[in-house]
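Listing of query39.txt, compact mmCIF, C-alpha atoms
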```
# COMPACT_ATOMS: atom_id res chain seq x y z
CA MET A 1 44.08 -28.35 -15.14
CA GLN A 2 43.99 -30.23 -18.41
CA ALA A 3 44.70 -28.44 -21.67
CA ILE A 4 45.54 -29.33 -25.23
CA GLN A 5 48.99 -28.23 -26.37
CA TYR A 6 51.03 -28.16 -29.55
CA GLN A 7 54.49 -29.37 -28.53
CA SER A 8 55.86 -28.69 -32.03
CA PHE A 9 54.55 -27.62 -35.43
CA GLY A 10 53.21 -30.26 -37.79
CA PRO A 11 50.37 -32.72 -38.34
CA SER A 12 47.76 -33.55 -35.72
CA ASP A 13 50.01 -36.02 -33.90
CA VAL A 14 51.84 -33.03 -32.36
CA ILE A 15 48.71 -32.47 -30.24
CA VAL A 16 48.99 -33.68 -26.64
CA LEU A 17 46.76 -33.48 -23.56
CA SER A 18 48.82 -31.84 -20.83
CA GLU A 19 48.51 -30.89 -17.18
CA VAL A 20 49.18 -27.15 -16.90
CA PRO A 21 48.68 -24.47 -14.23
CA GLN A 22 45.19 -22.95 -14.07
CA PRO A 23 45.22 -19.36 -15.39
CA GLN A 24 44.60 -16.55 -12.92
CA ILE A 25 43.05 -13.12 -13.26
CA SER A 26 45.85 -10.56 -13.54
CA ASN A 27 43.90 -7.42 -14.56
CA ASP A 28 40.79 -5.72 -13.21
CA ASN A 29 38.92 -6.17 -16.51
CA GLU A 30 39.36 -9.95 -16.76
CA VAL A 31 36.92 -12.83 -16.29
CA LEU A 32 37.90 -16.39 -15.33
CA ILE A 33 35.71 -18.95 -17.10
CA GLN A 34 35.33 -22.67 -16.46
CA VAL A 35 35.14 -23.90 -20.04
CA LYS A 36 32.28 -26.19 -21.04
CA ALA A 37 32.90 -26.13 -24.80
CA ALA A 38 35.34 -24.66 -27.32
CA SER A 39 35.07 -24.58 -31.09
CA VAL A 40 37.58 -25.81 -33.64
CA ASN A 41 38.49 -23.16 -36.20
CA PRO A 42 40.59 -23.45 -39.37
CA LEU A 43 43.03 -20.92 -37.86
CA ASP A 44 43.81 -23.42 -35.07
CA ILE A 45 45.05 -25.83 -37.71
CA LYS A 46 47.05 -23.19 -39.61
CA ILE A 47 48.79 -22.23 -36.37
CA ARG A 48 49.52 -25.91 -35.62
CA MET A 49 51.11 -26.38 -39.04
CA GLY A 50 53.33 -23.32 -38.50
CA PHE A 51 51.76 -21.44 -41.40
CA MET A 52 51.00 -18.36 -39.27
CA GLN A 53 54.43 -17.82 -37.73
CA LYS A 54 55.17 -14.72 -39.81
CA MET A 55 51.75 -13.09 -39.36
CA ARG A 56 50.88 -14.40 -35.91
CA PRO A 57 53.85 -16.01 -34.18
CA VAL A 58 53.30 -18.25 -31.17
CA GLN A 59 55.66 -19.82 -28.67
CA LEU A 60 55.63 -23.55 -28.03
CA PRO A 61 54.17 -25.32 -26.17
CA PHE A 62 50.96 -23.55 -27.25
CA THR A 63 47.33 -24.04 -26.25
CA PRO A 64 45.01 -23.28 -29.19
CA GLY A 65 41.38 -22.17 -29.21
CA LEU A 66 39.87 -18.86 -30.30
CA ASP A 67 36.54 -19.06 -28.48
CA ALA A 68 34.80 -20.80 -25.62
CA ALA A 69 31.57 -21.06 -23.67
CA GLY A 70 31.30 -21.80 -19.98
CA GLU A 71 30.59 -20.49 -16.51
CA VAL A 72 32.13 -17.48 -14.77
CA VAL A 73 34.07 -18.58 -11.66
CA ALA A 74 35.86 -15.30 -10.81
CA ILE A 75 35.90 -11.68 -11.95
CA GLY A 76 38.38 -8.81 -11.77
CA ALA A 77 37.74 -5.81 -9.54
CA GLY A 78 36.71 -3.65 -12.49
CA VAL A 79 34.27 -6.08 -14.11
CA SER A 80 30.68 -4.77 -13.99
CA ARG A 81 28.77 -6.81 -16.60
CA PHE A 82 29.23 -10.29 -15.13
CA LYS A 83 29.04 -12.13 -11.83
CA VAL A 84 30.16 -15.55 -10.64
CA GLY A 85 27.80 -18.22 -11.98
CA ASP A 86 26.90 -16.44 -15.22
CA GLU A 87 26.81 -18.62 -18.32
CA VAL A 88 28.89 -16.89 -20.97
CA MET A 89 30.63 -17.16 -24.32
CA ALA A 90 33.93 -15.48 -25.08
CA ALA A 91 36.51 -14.74 -27.72
CA THR A 92 39.89 -15.61 -26.26
CA MET A 93 42.11 -15.71 -29.41
CA MET A 94 44.15 -18.51 -27.80
CA GLY A 95 43.98 -21.02 -24.96
CA ALA A 96 40.34 -22.14 -25.22
CA TYR A 97 41.16 -25.86 -25.57
CA ALA A 98 41.41 -26.07 -21.77
CA GLU A 99 39.38 -26.48 -18.59
CA TYR A 100 39.75 -22.80 -17.65
CA ILE A 101 40.41 -19.62 -19.60
CA VAL A 102 40.82 -15.93 -18.78
CA ALA A 103 39.10 -13.46 -21.11
CA LYS A 104 38.77 -9.69 -21.23
CA GLU A 105 35.33 -8.41 -20.23
CA ASP A 106 34.86 -6.61 -23.57
CA PHE A 107 35.11 -9.97 -25.35
CA VAL A 108 32.64 -11.84 -23.12
CA SER A 109 28.87 -12.09 -23.76
CA LEU A 110 26.05 -13.70 -21.82
CA LYS A 111 25.06 -17.02 -23.38
CA PRO A 112 21.49 -16.96 -24.71
CA GLN A 113 19.41 -19.25 -22.51
CA ASN A 114 17.86 -21.05 -25.48
CA ILE A 115 21.12 -22.60 -26.71
CA SER A 116 23.61 -25.10 -25.29
CA PHE A 117 27.23 -24.43 -24.38
CA ALA A 118 28.35 -26.28 -27.51
CA GLU A 119 26.07 -24.14 -29.68
CA ALA A 120 27.29 -20.98 -27.96
CA ALA A 121 30.93 -21.87 -28.57
CA SER A 122 30.12 -22.53 -32.22
CA LEU A 123 28.77 -19.00 -32.72
CA VAL A 124 31.46 -16.64 -31.41
CA VAL A 125 33.72 -16.53 -34.48
CA ASN A 126 30.77 -17.02 -36.85
CA LEU A 127 28.71 -14.09 -35.56
CA GLY A 128 31.67 -11.75 -35.15
CA THR A 129 32.89 -12.47 -38.66
CA ALA A 130 29.43 -12.16 -40.23
CA GLN A 131 28.80 -8.83 -38.49
CA SER A 132 32.23 -7.54 -39.55
CA ILE A 133 31.76 -8.46 -43.22
CA LEU A 134 28.11 -7.50 -43.70
CA PHE A 135 27.74 -4.40 -41.57
CA SER A 136 30.88 -3.06 -39.86
CA GLU A 137 32.90 -3.16 -43.11
CA GLY A 138 30.25 -3.93 -45.75
CA GLN A 139 27.90 -1.20 -44.54
CA LEU A 140 24.92 -3.06 -46.02
CA GLU A 141 21.43 -1.65 -45.58
CA SER A 142 18.02 -3.28 -45.78
CA GLY A 143 17.05 -4.01 -49.38
CA GLN A 144 20.61 -4.32 -50.71
CA LYS A 145 22.04 -7.52 -52.22
CA VAL A 146 24.88 -9.73 -51.06
CA LEU A 147 26.47 -12.75 -52.72
CA ILE A 148 27.93 -15.12 -50.12
CA GLN A 149 30.55 -17.36 -51.69
CA GLY A 150 31.01 -20.62 -49.77
CA ALA A 151 27.81 -20.06 -47.81
CA ALA A 152 27.32 -23.62 -46.54
CA GLY A 153 30.39 -23.45 -44.29
CA ALA A 154 30.20 -22.54 -40.62
CA VAL A 155 30.68 -18.78 -41.08
CA GLY A 156 28.70 -18.62 -44.32
CA ALA A 157 25.60 -20.31 -42.90
CA THR A 158 25.55 -17.88 -39.98
CA MET A 159 26.07 -14.98 -42.38
CA VAL A 160 23.06 -16.03 -44.46
CA GLN A 161 20.85 -15.97 -41.38
CA LEU A 162 22.21 -12.66 -40.07
CA ALA A 163 21.77 -10.99 -43.46
CA LYS A 164 18.21 -12.24 -43.97
CA ASN A 165 17.18 -11.09 -40.51
CA ASN A 166 18.47 -7.61 -41.31
CA GLY A 167 16.51 -7.24 -44.54
CA ILE A 168 19.30 -8.12 -46.99
CA TYR A 169 18.62 -10.00 -50.26
CA VAL A 170 20.87 -13.07 -50.09
CA ILE A 171 22.37 -15.00 -53.01
CA ALA A 172 24.41 -17.95 -51.77
CA THR A 173 26.71 -20.49 -53.41
CA ALA A 174 27.12 -24.10 -52.31
CA SER A 175 27.14 -27.64 -53.65
CA GLY A 176 25.58 -30.99 -52.78
CA LYS A 177 23.64 -31.04 -49.53
CA GLY A 178 24.70 -27.45 -48.89
CA VAL A 179 22.17 -26.25 -51.46
CA GLU A 180 19.23 -27.60 -49.45
CA LEU A 181 20.72 -26.32 -46.20
CA LEU A 182 20.89 -22.75 -47.52
CA GLN A 183 17.38 -22.95 -48.94
CA ASN A 184 16.16 -24.00 -45.51
CA LEU A 185 18.05 -21.11 -43.91
CA GLY A 186 16.12 -18.65 -46.09
CA ALA A 187 18.57 -17.64 -48.83
CA ASP A 188 16.67 -15.91 -51.65
CA GLU A 189 18.73 -17.63 -54.35
CA VAL A 190 21.07 -20.61 -54.04
CA ILE A 191 23.55 -21.38 -56.80
CA ASP A 192 25.21 -24.79 -57.12
CA TYR A 193 28.71 -23.71 -58.11
CA LYS A 194 29.54 -27.17 -59.48
CA THR A 195 26.78 -27.07 -62.10
CA GLN A 196 26.07 -23.35 -62.52
CA ASP A 197 28.17 -20.33 -63.43
CA VAL A 198 27.66 -17.59 -60.88
CA THR A 199 29.02 -14.91 -63.23
CA THR A 200 26.23 -15.49 -65.76
CA LEU A 201 23.47 -15.72 -63.14
CA VAL A 202 24.36 -12.82 -60.86
CA LYS A 203 24.97 -9.15 -61.66
CA ASN A 204 25.03 -5.82 -59.84
CA VAL A 205 25.22 -6.99 -56.24
CA ASP A 206 26.30 -4.50 -53.59
CA LEU A 207 28.64 -6.83 -51.72
CA VAL A 208 30.41 -10.12 -52.26
CA ALA A 209 31.29 -11.90 -49.01
CA ASP A 210 33.97 -14.41 -49.93
CA CYS A 211 34.24 -17.26 -47.44
CA ALA A 212 35.90 -19.69 -49.85
CA GLY A 213 38.84 -18.00 -51.59
CA GLY A 214 40.79 -19.92 -54.21
CA GLU A 215 40.92 -19.45 -57.96
CA THR A 216 37.22 -18.58 -58.25
CA GLN A 217 37.72 -15.37 -56.26
CA SER A 218 38.88 -13.50 -59.38
CA LYS A 219 35.54 -14.16 -61.09
CA LEU A 220 33.57 -12.58 -58.27
CA PHE A 221 34.49 -9.06 -59.38
CA GLU A 222 32.21 -9.55 -62.39
CA VAL A 223 29.02 -9.87 -60.33
CA LEU A 224 29.46 -6.58 -58.46
CA LYS A 225 28.11 -3.19 -59.40
CA SER A 226 30.70 -0.47 -59.95
CA GLY A 227 31.69 0.90 -56.56
CA GLY A 228 30.67 -2.32 -54.79
CA LYS A 229 32.69 -4.28 -52.27
CA LEU A 230 34.43 -7.65 -52.30
CA LEU A 231 35.34 -8.54 -48.72
CA SER A 232 37.14 -11.81 -48.08
CA ILE A 233 38.07 -13.88 -45.04
CA ALA A 234 39.81 -16.44 -47.26
CA GLY A 235 42.56 -14.52 -49.05
CA MET A 236 43.59 -11.08 -50.29
CA PRO A 237 41.66 -10.05 -53.43
CA ALA A 238 43.73 -8.95 -56.45
CA PRO A 239 44.28 -5.14 -56.34
CA GLU A 240 44.60 -4.93 -60.13
CA LEU A 241 41.12 -6.44 -60.56
CA ALA A 242 39.75 -4.12 -57.90
CA GLN A 243 41.04 -1.16 -59.90
CA LYS A 244 39.78 -2.58 -63.21
CA TYR A 245 36.21 -3.09 -61.93
CA ASN A 246 36.17 -0.07 -59.56
CA ILE A 247 35.63 -2.31 -56.54
CA ASP A 248 36.58 -1.88 -52.88
CA ALA A 249 38.30 -5.26 -52.41
CA ARG A 250 39.89 -6.20 -49.09
CA PHE A 251 40.80 -9.03 -46.74
CA ILE A 252 38.87 -8.59 -43.50
CA SER A 253 39.93 -9.50 -39.98
CA SER A 254 36.97 -10.35 -37.76
CA ASN A 255 35.93 -8.15 -34.84
CA LEU A 256 35.02 -10.66 -32.12
CA SER A 257 34.19 -8.18 -29.36
CA ALA A 258 30.98 -8.53 -27.38
CA LYS A 259 29.71 -5.37 -29.09
CA SER A 260 30.22 -6.97 -32.51
CA LEU A 261 28.26 -10.07 -31.43
CA GLU A 262 25.33 -8.09 -29.99
CA ASN A 263 23.22 -7.90 -33.17
CA GLY A 264 23.54 -11.62 -33.83
CA LEU A 265 23.02 -12.74 -30.23
CA ASN A 266 19.77 -10.79 -29.99
CA LEU A 267 18.53 -12.75 -33.00
CA VAL A 268 19.76 -16.02 -31.47
CA SER A 269 17.81 -15.26 -28.29
CA GLU A 270 14.70 -14.68 -30.41
CA GLY A 271 15.19 -18.00 -32.18
CA LYS A 272 15.83 -16.27 -35.52
CA ILE A 273 19.42 -17.49 -35.90
CA LYS A 274 20.05 -21.17 -35.29
CA PRO A 275 23.53 -22.52 -34.48
CA ILE A 276 24.69 -25.41 -36.65
CA VAL A 277 26.99 -27.86 -34.89
CA ALA A 278 28.41 -30.49 -37.24
CA LYS A 279 29.95 -32.74 -34.59
CA ILE A 280 31.05 -32.71 -30.94
CA PHE A 281 34.29 -34.35 -29.82
CA PRO A 282 35.61 -34.67 -26.24
CA LEU A 283 38.63 -32.51 -25.42
CA THR A 284 40.77 -35.65 -25.37
CA GLU A 285 40.03 -36.14 -29.08
CA ALA A 286 41.17 -32.68 -30.21
CA ALA A 287 43.46 -34.23 -32.83
CA GLN A 288 40.59 -36.20 -34.37
CA ALA A 289 38.42 -33.07 -34.27
CA GLN A 290 41.00 -31.03 -36.19
CA ASP A 291 41.44 -33.83 -38.72
CA PHE A 292 37.65 -33.87 -39.21
CA VAL A 293 37.73 -30.13 -39.95
CA SER A 294 40.72 -30.51 -42.28
CA ALA A 295 38.88 -33.19 -44.29
CA GLY A 296 36.24 -30.59 -45.20
CA GLY A 297 32.79 -31.19 -46.54
CA MET A 298 30.94 -30.66 -43.27
CA HIS A 299 28.21 -28.12 -42.65
CA GLY A 300 28.43 -26.24 -39.39
CA LYS A 301 31.00 -26.05 -36.61
CA VAL A 302 33.04 -28.73 -34.90
CA VAL A 303 33.07 -28.32 -31.13
CA LEU A 304 35.12 -29.76 -28.27
CA ALA A 305 33.19 -30.71 -25.13
CA VAL A 306 35.45 -29.80 -22.23
CA ARG A 307 33.19 -30.49 -19.21
```

Using structure tokens, write down the structure from this file.
Amino acid sequence: MQAIQYQSFGPSDVIVLSEVPQPQISNDNEVLIQVKAASVNPLDIKIRMGFMQKMRPVQLPFTPGLDAAGEVVAIGAGVSRFKVGDEVMAATMMGAYAEYIVAKEDFVSLKPQNISFAEAASLVVNLGTAQSILFSEGQLESGQKVLIQGAAGAVGATMVQLAKNNGIYVIATASGKGVELLQNLGADEVIDYKTQDVTTLVKNVDLVADCAGGETQSKLFEVLKSGGKLLSIAGMPAPELAQKYNIDARFISSNLSAKSLENGLNLVSEGKIKPIVAKIFPLTEAAQAQDFVSAGGMHGKVVLAVR
């Protein structure tokens, strides 16, 4: 089968299209999926550059890809939730830039019938991350307030929709065209961080969901109520500031299990959460797709069409 591989660490020209053996089911709880689409995530690029070798080492040649959508072509003896022919989406954590992928049953979900394979692939990391931040770790309840920093990005835009559909008051930051996007997605307040100071406009929120990181993260402590939470997917918050402001501040790793996606996928099926796909590239243009993500400024997810 065809698969994208990193032959060495470095810029996008290390990416090659290779012919590799098709993966096979080796455990009773595994599902073999013919991939129709896979999404491009920032982590794919960090792995390619070698930045993750201490935290998440990989061996070369390496096939990237955290998530995929496609059709089930075989199941292990212990698999009960899926059958051959089912249209699914899955968190794979590696290997999704390929024509076939094996995934564990607990990380596979049925694809909602009202979305495409590309849209399904775009949602796996987004929904799992949003659920982890807002509810699994954030423990938000209806009527509480969240500030989503960097809300016009792929994860942030999904988080806005998930929060609103669960009764949360959403304050979101963005700039340029992202402001209108978030207004259209239903955010209660949208702050243009290039022209407005979030620390003077926002106070006493229950949770800050930081999807942007950077130098502005340190200012986010000021908008939280004492005892609130600052949960980041973009960098470890400063422990000294957490102590100063009496804040639970942590870096969060996303739970991408099917159980974690359940809340969001129900809303997708009802048409209440809409996937946002920025651009679709063929698998053969994986290098261009990663460069497009690296350039920044897009709204939504970049997806590779595999079949």

Name the residues, using the chain letters and numbers of the file, that sit within 9 Å of (43.2, -14.9, -56.2) when counting only C-alpha atoms, and give them as a list in words.
->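 Checking each residue against the 9 Å limit leaves Gly213, Gly214, Glu215, Thr216, Gln217, Ser218, Gly235, Met236, Pro237 and Ala238 of chain A.
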
For the selection just defined, write its residues with C-alpha atoms to a file, as a short mmCIF file (atom, residue, chain, number, x, y, z; two decimals), in the coordinates of the input.
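Written output follows (out25.cif):
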```cif
data_model
loop_
_atom_site.label_atom_id
_atom_site.label_comp_id
_atom_site.auth_asym_id
_atom_site.auth_seq_id
_atom_site.Cartn_x
_atom_site.Cartn_y
_atom_site.Cartn_z
CA GLY A 213 38.84 -18.00 -51.59
CA GLY A 214 40.79 -19.92 -54.21
CA GLU A 215 40.92 -19.45 -57.96
CA THR A 216 37.22 -18.58 -58.25
CA GLN A 217 37.72 -15.37 -56.26
CA SER A 218 38.88 -13.50 -59.38
CA GLY A 235 42.56 -14.52 -49.05
CA MET A 236 43.59 -11.08 -50.29
CA PRO A 237 41.66 -10.05 -53.43
CA ALA A 238 43.73 -8.95 -56.45
#
```

Produce a table with one row for each residue of stretch 38-139 of chain A that has an atom at most 12 Å from any atom of stretch 145-168 of chain A, each row naming the nearest atom pair and its distance in Å at one decimal; use all atoms listed in the file; arrange rows by chain and rising residue number; format as a tab-separated table.
```
residue	atom	partner	partner_atom	distance
A:Ser39	CA	A:Ala154	CA	10.9
A:Val40	CA	A:Ala154	CA	10.7
A:Asn41	CA	A:Ala154	CA	9.4
A:Pro42	CA	A:Ala154	CA	10.5
A:Glu119	CA	A:Ala154	CA	11.8
A:Ser122	CA	A:Ala154	CA	8.4
A:Leu123	CA	A:Thr158	CA	8.0
A:Val124	CA	A:Val155	CA	9.9
A:Val125	CA	A:Val155	CA	7.6
A:Asn126	CA	A:Val155	CA	4.6
A:Leu127	CA	A:Thr158	CA	6.6
A:Gly128	CA	A:Val155	CA	9.3
A:Thr129	CA	A:Val155	CA	7.1
A:Ala130	CA	A:Met159	CA	4.9
A:Gln131	CA	A:Met159	CA	7.8
A:Ser132	CA	A:Met159	CA	10.1
A:Ile133	CA	A:Met159	CA	8.7
A:Leu134	CA	A:Ala163	CA	7.2
A:Phe135	CA	A:Ala163	CA	9.1
A:Gly138	CA	A:Val146	CA	9.5
A:Gln139	CA	A:Val146	CA	11.2
```

Two-atom distance - atom CA of A:Pro282, atom CA of A:Leu32 (Å) |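 We find that atom CA of A:Pro282 and atom CA of A:Leu32 lie 21.4 Å from each other.
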
Between A:Met55, A:Cys211, A:Ala38, A:Val31, smallest distance to A:Ala286 by all atoms listed in the file belongs to A:Ala38

Please measure the separation of atom CA of A:Ala103 and atom CA of A:Ala90, giving the value in Å to one decimal.
-> 6.8 Å

Polymer residues at most 10 Å from A:Pro11, only C-alpha atoms, same-chain spacing of 5 or more positions, as a list in words | Tyr6, Ile45, Arg48, Met49, Gly50, Ala287, Gln290 and Asp291 of chain A

Can you tell me which residues surround stretch 198-201 of chain A at a distance of at most 9 Å, considering all atoms listed in the file, apart from same-chain residues fewer than 4 positions away, and format the answer as a CSV table (one decimal) with C-alpha atoms, keeping the file's coordinate frame?
```csv
chain,number,residue,atom,x,y,z
A,173,THR,CA,26.7,-20.5,-53.4
A,191,ILE,CA,23.6,-21.4,-56.8
A,192,ASP,CA,25.2,-24.8,-57.1
A,193,TYR,CA,28.7,-23.7,-58.1
A,219,LYS,CA,35.5,-14.2,-61.1
A,220,LEU,CA,33.6,-12.6,-58.3
A,221,PHE,CA,34.5,-9.1,-59.4
A,222,GLU,CA,32.2,-9.6,-62.4
A,223,VAL,CA,29.0,-9.9,-60.3
```

Any idea what the distance is between atom CA of A:Asp210 and atom CA of A:Ala234?
-> 6.7 Å

Residue among A:Leu265, A:Ala120, A:Leu256, A:Leu140 lying closest to A:Ala69, counting all atoms listed in the file =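 When distances to A:Ala69 are compared using all atoms listed in the file, the smallest one comes from A:Ala120.
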
Have a look at A:Phe117, A:Lys54, A:Ser136, A:Val268 and name the one nearest to A:Ser253; count all atoms listed in the file.
-> A:Ser136

Near-A:Val190 list (9 Å; all atoms listed in the file; drop same-chain fewer than 4 positions) as a ChimeraX atom specification | /A:170-174,179-180,182-183

Nearest-residue call for A:Ile75, choices A:Leu110, A:Ala118, A:Thr63, A:Asn29, using all atoms listed in the file =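 Of all the options, A:Asn29 lies closest to A:Ile75.
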
Pick out the residues sitting within 12 Å of A:Val102, and hand them over as a PyMOL selection string; count all atoms listed in the file, and ignore anything fewer than 2 positions along from it in its own chain.
-> chain A and resi 22-35+66-76+89-96+98-100+104-105+107-108

Nearest-residue call for A:Leu304, choices A:Lys83, A:Lys111, A:Lys194, A:Lys36, using all atoms listed in the file =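 Smallest distance to A:Leu304 is found for A:Lys36.
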
Could you write stretch 2-18 of chain A as a PDB file, in the coordinates of the input, with N, CA and C atoms rebuilt where they are missing?
```pdb
ATOM      1  N   GLN A   2      43.651 -29.617 -17.138  1.00  0.00           N
ATOM      2  CA  GLN A   2      43.990 -30.230 -18.410  1.00  0.00           C
ATOM      3  C   GLN A   2      43.838 -29.227 -19.558  1.00  0.00           C
ATOM      4  N   ALA A   3      44.749 -29.305 -20.492  1.00  0.00           N
ATOM      5  CA  ALA A   3      44.700 -28.440 -21.670  1.00  0.00           C
ATOM      6  C   ALA A   3      45.369 -29.156 -22.833  1.00  0.00           C
ATOM      7  N   ILE A   4      44.908 -28.830 -24.014  1.00  0.00           N
ATOM      8  CA  ILE A   4      45.540 -29.330 -25.230  1.00  0.00           C
ATOM      9  C   ILE A   4      46.712 -28.423 -25.577  1.00  0.00           C
ATOM     10  N   GLN A   5      47.825 -29.027 -25.972  1.00  0.00           N
ATOM     11  CA  GLN A   5      48.990 -28.230 -26.370  1.00  0.00           C
ATOM     12  C   GLN A   5      49.588 -28.746 -27.673  1.00  0.00           C
ATOM     13  N   TYR A   6      50.159 -27.805 -28.427  1.00  0.00           N
ATOM     14  CA  TYR A   6      51.030 -28.160 -29.550  1.00  0.00           C
ATOM     15  C   TYR A   6      52.451 -28.143 -28.982  1.00  0.00           C
ATOM     16  N   GLN A   7      53.113 -29.298 -29.023  1.00  0.00           N
ATOM     17  CA  GLN A   7      54.490 -29.370 -28.530  1.00  0.00           C
ATOM     18  C   GLN A   7      55.482 -28.986 -29.624  1.00  0.00           C
ATOM     19  N   SER A   8      55.050 -29.107 -30.884  1.00  0.00           N
ATOM     20  CA  SER A   8      55.860 -28.690 -32.030  1.00  0.00           C
ATOM     21  C   SER A   8      54.894 -28.386 -33.165  1.00  0.00           C
ATOM     22  N   PHE A   9      55.394 -27.884 -34.266  1.00  0.00           N
ATOM     23  CA  PHE A   9      54.550 -27.620 -35.430  1.00  0.00           C
ATOM     24  C   PHE A   9      54.497 -28.872 -36.302  1.00  0.00           C
ATOM     25  N   GLY A  10      53.318 -29.106 -36.910  1.00  0.00           N
ATOM     26  CA  GLY A  10      53.210 -30.260 -37.790  1.00  0.00           C
ATOM     27  C   GLY A  10      51.809 -30.825 -37.839  1.00  0.00           C
ATOM     28  N   PRO A  11      51.677 -32.083 -38.234  1.00  0.00           N
ATOM     29  CA  PRO A  11      50.370 -32.720 -38.340  1.00  0.00           C
ATOM     30  C   PRO A  11      49.733 -32.927 -36.972  1.00  0.00           C
ATOM     31  N   SER A  12      48.532 -33.500 -36.961  1.00  0.00           N
ATOM     32  CA  SER A  12      47.760 -33.550 -35.720  1.00  0.00           C
ATOM     33  C   SER A  12      48.396 -34.405 -34.633  1.00  0.00           C
ATOM     34  N   ASP A  13      49.387 -35.213 -34.959  1.00  0.00           N
ATOM     35  CA  ASP A  13      50.010 -36.020 -33.900  1.00  0.00           C
ATOM     36  C   ASP A  13      50.934 -35.201 -32.999  1.00  0.00           C
ATOM     37  N   VAL A  14      51.091 -33.899 -33.276  1.00  0.00           N
ATOM     38  CA  VAL A  14      51.840 -33.030 -32.360  1.00  0.00           C
ATOM     39  C   VAL A  14      50.959 -32.576 -31.195  1.00  0.00           C
ATOM     40  N   ILE A  15      49.663 -32.886 -31.270  1.00  0.00           N
ATOM     41  CA  ILE A  15      48.710 -32.470 -30.240  1.00  0.00           C
ATOM     42  C   ILE A  15      48.800 -33.430 -29.048  1.00  0.00           C
ATOM     43  N   VAL A  16      48.947 -32.855 -27.851  1.00  0.00           N
ATOM     44  CA  VAL A  16      48.990 -33.680 -26.640  1.00  0.00           C
ATOM     45  C   VAL A  16      48.068 -33.072 -25.581  1.00  0.00           C
ATOM     46  N   LEU A  17      47.531 -33.920 -24.724  1.00  0.00           N
ATOM     47  CA  LEU A  17      46.760 -33.480 -23.560  1.00  0.00           C
ATOM     48  C   LEU A  17      47.731 -33.334 -22.405  1.00  0.00           C
ATOM     49  N   SER A  18      47.822 -32.126 -21.857  1.00  0.00           N
ATOM     50  CA  SER A  18      48.820 -31.840 -20.830  1.00  0.00           C
ATOM     51  C   SER A  18      48.171 -31.368 -19.533  1.00  0.00           C
TER      52      SER A  18
END
```
